[in-house]
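*Asks:* Here's a structure for you.
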Amino acid sequence: MTTTVQDPQAYIDEMARTRGYVLDYHKIMAKQDFDVLHATNNLVGAAYLEQRTLDRKTKELIFIVSLTVMRASKGHIQSHIRVALDLGLSPREILEAIEISLPEAGIVAFQTGFEAWREVVDADGLEPTVEVFDGGAGAGA
């Protein structure tokens with residue numbers, strides 16, 4: 001099946017404008033197998049980008065939670081966190097969405113999303129005033 005769009009560079013630029021981000025695989029597929037990129041992007045457009053019943057903010061929160069549960073790469077989760085922030089969601093709203101992963105996916109999956117969120121929003125915490133071992137960031141961080 002051949003696509004009607006012939007300029008992969010223009011297509012990837014439009015993806016970046018529409019989504020607010022592109023992933024590494026988008027960039028490579030635009031050059032290496034444009035037809036498959038076009039097909040997968042159409043599916044993402046129908047399910048995620050096009051306005052239907054759910055608004056874009058809600059979809060971003062769902063994406064962040066689903067990527068957290070799936071233990072997606074930190075960069076992938078962070079791209080959606082950045083889009084959510086650009087759409088006007090607060091860091092706290094995004095954190096609360098990530099926390100939904102706790103009961104179903106557990107602490108390790110939660111830590112994946114949490115660490116991605118912490119880096120993007122530059123969140124800090126409290127240090128104990130007693131001597132303890134450093135527990136690290138968790139989740140492969």
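The way I read the labels, and the way they are meant: chains A, B, ... in the order of the structure tokens, residue 1 as the first residue of every chain, and ligand 1 as the first ligand shown, with later ones counted on from there.
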Excluding Phe114 of chain A and residues on its chain fewer than 3 positions from it, collect all residues at most 8 Å away from it, counting only C-alpha atoms, and give them as a list in words.
*Replies:*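 Listed by chain and then number, they are Leu95, Ile98, Phe110, Gln111, Trp117 and Arg118 of chain A.
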*Asks:* I need the residue nearest Lys74 of chain A from this list: A:Glu119, A:Asp13, A:Glu127, A:Glu96. Use only C-alpha atoms for the distance.
*Replies:* A:Glu119
*Asks:* Give me every helix (DSSP H, G or I) residue in chain A, going by DSSP on the backbone, as a PyMOL selection string.
*Replies:* chain A and resi 8-19+24-32+34-49+56-69+74-86+91-99+101-105+107-121
*Asks:* Using only C-alpha atoms, which residue out of A:Glu14, A:Leu23, A:Val121, A:Pro8 lies closest to Asp35 of chain A?
*Replies:* A:Pro8
*Asks:* List as an NGL selection string the protein and nucleic acid residues near Val120 of chain A, meaning an atom at most 10 Å away when only C-alpha atoms are counted, but skip any in the same chain fewer than 2 places from it.
*Replies:* :A and (75 or 77-79 or 81-82 or 85 or 91 or 114-118 or 122-123)
*Asks:* Calculated over only C-alpha atoms, which of the candidates A:Leu89, A:Val44, A:Val83, A:Ile107 has the smallest distance to Tyr21 of chain A?
*Replies:* A:Val83
*Asks:* Applying 10 Å and only C-alpha atoms, which residues near Ile62 of chain A remain after dropping the ones on its own chain fewer than 6 positions away? List them as a list in words.
*Replies:*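 Counting only the stated atoms, we get Tyr48, Arg56, Thr68, His80, Ile94, Ala97 and Ile98 of chain A.
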*Asks:* Can you write just those residues out, all heavy atoms, as an mmCIF file, in the first residue's frame?
*Replies:*
data_model
loop_
_atom_site.group_PDB
_atom_site.id
_atom_site.type_symbol
_atom_site.label_atom_id
_atom_site.label_comp_id
_atom_site.auth_asym_id
_atom_site.auth_seq_id
_atom_site.Cartn_x
_atom_site.Cartn_y
_atom_site.Cartn_z
ATOM 1 N N TYR A 48 -5.942 9.046 19.484
ATOM 2 C CA TYR A 48 -5.310 9.953 20.445
ATOM 3 C C TYR A 48 -5.400 11.422 20.049
ATOM 4 O O TYR A 48 -5.745 12.269 20.861
ATOM 5 C CB TYR A 48 -3.850 9.502 20.612
ATOM 6 C CG TYR A 48 -2.891 10.454 21.261
ATOM 7 C CD1 TYR A 48 -3.081 10.925 22.551
ATOM 8 C CD2 TYR A 48 -1.750 10.867 20.586
ATOM 9 C CE1 TYR A 48 -2.164 11.793 23.142
ATOM 10 C CE2 TYR A 48 -0.841 11.715 21.167
ATOM 11 C CZ TYR A 48 -1.046 12.179 22.451
ATOM 12 O OH TYR A 48 -0.144 13.026 23.025
ATOM 13 N N ARG A 56 -8.026 16.491 24.993
ATOM 14 C CA ARG A 56 -6.605 16.159 24.862
ATOM 15 C C ARG A 56 -5.928 16.026 26.228
ATOM 16 O O ARG A 56 -5.060 15.180 26.416
ATOM 17 C CB ARG A 56 -5.911 17.234 24.017
ATOM 18 C CG ARG A 56 -4.437 17.007 23.752
ATOM 19 C CD ARG A 56 -4.185 15.974 22.663
ATOM 20 N NE ARG A 56 -2.783 15.651 22.557
ATOM 21 C CZ ARG A 56 -1.909 16.242 21.756
ATOM 22 N NH1 ARG A 56 -2.295 17.210 20.953
ATOM 23 N NH2 ARG A 56 -0.654 15.864 21.738
ATOM 24 N N THR A 68 3.321 4.380 31.990
ATOM 25 C CA THR A 68 3.890 4.035 33.289
ATOM 26 C C THR A 68 3.649 2.566 33.597
ATOM 27 O O THR A 68 4.577 1.844 33.977
ATOM 28 C CB THR A 68 3.293 4.932 34.395
ATOM 29 O OG1 THR A 68 3.692 6.283 34.151
ATOM 30 C CG2 THR A 68 3.756 4.508 35.772
ATOM 31 N N HIS A 80 5.219 12.822 26.986
ATOM 32 C CA HIS A 80 3.800 13.036 27.256
ATOM 33 C C HIS A 80 3.591 13.935 28.480
ATOM 34 O O HIS A 80 2.625 14.708 28.513
ATOM 35 C CB HIS A 80 3.078 11.699 27.412
ATOM 36 C CG HIS A 80 2.884 11.020 26.096
ATOM 37 N ND1 HIS A 80 1.841 11.325 25.251
ATOM 38 C CD2 HIS A 80 3.614 10.078 25.463
ATOM 39 C CE1 HIS A 80 1.929 10.593 24.156
ATOM 40 N NE2 HIS A 80 3.009 9.819 24.260
ATOM 41 N N ILE A 94 -0.682 15.609 37.136
ATOM 42 C CA ILE A 94 0.048 14.535 36.448
ATOM 43 C C ILE A 94 0.529 13.499 37.455
ATOM 44 O O ILE A 94 0.407 12.285 37.223
ATOM 45 C CB ILE A 94 1.214 15.121 35.623
ATOM 46 C CG1 ILE A 94 0.659 16.055 34.529
ATOM 47 C CG2 ILE A 94 2.066 14.007 35.019
ATOM 48 C CD1 ILE A 94 1.699 16.947 33.891
ATOM 49 N N ALA A 97 -2.264 11.253 38.464
ATOM 50 C CA ALA A 97 -2.545 10.263 37.425
ATOM 51 C C ALA A 97 -1.550 9.111 37.505
ATOM 52 O O ALA A 97 -1.929 7.935 37.449
ATOM 53 C CB ALA A 97 -2.508 10.917 36.039
ATOM 54 N N ILE A 98 -0.273 9.430 37.669
ATOM 55 C CA ILE A 98 0.760 8.386 37.779
ATOM 56 C C ILE A 98 0.500 7.509 38.999
ATOM 57 O O ILE A 98 0.688 6.289 38.960
ATOM 58 C CB ILE A 98 2.166 9.021 37.809
ATOM 59 C CG1 ILE A 98 2.479 9.677 36.457
ATOM 60 C CG2 ILE A 98 3.229 7.980 38.155
ATOM 61 C CD1 ILE A 98 3.706 10.564 36.470
#
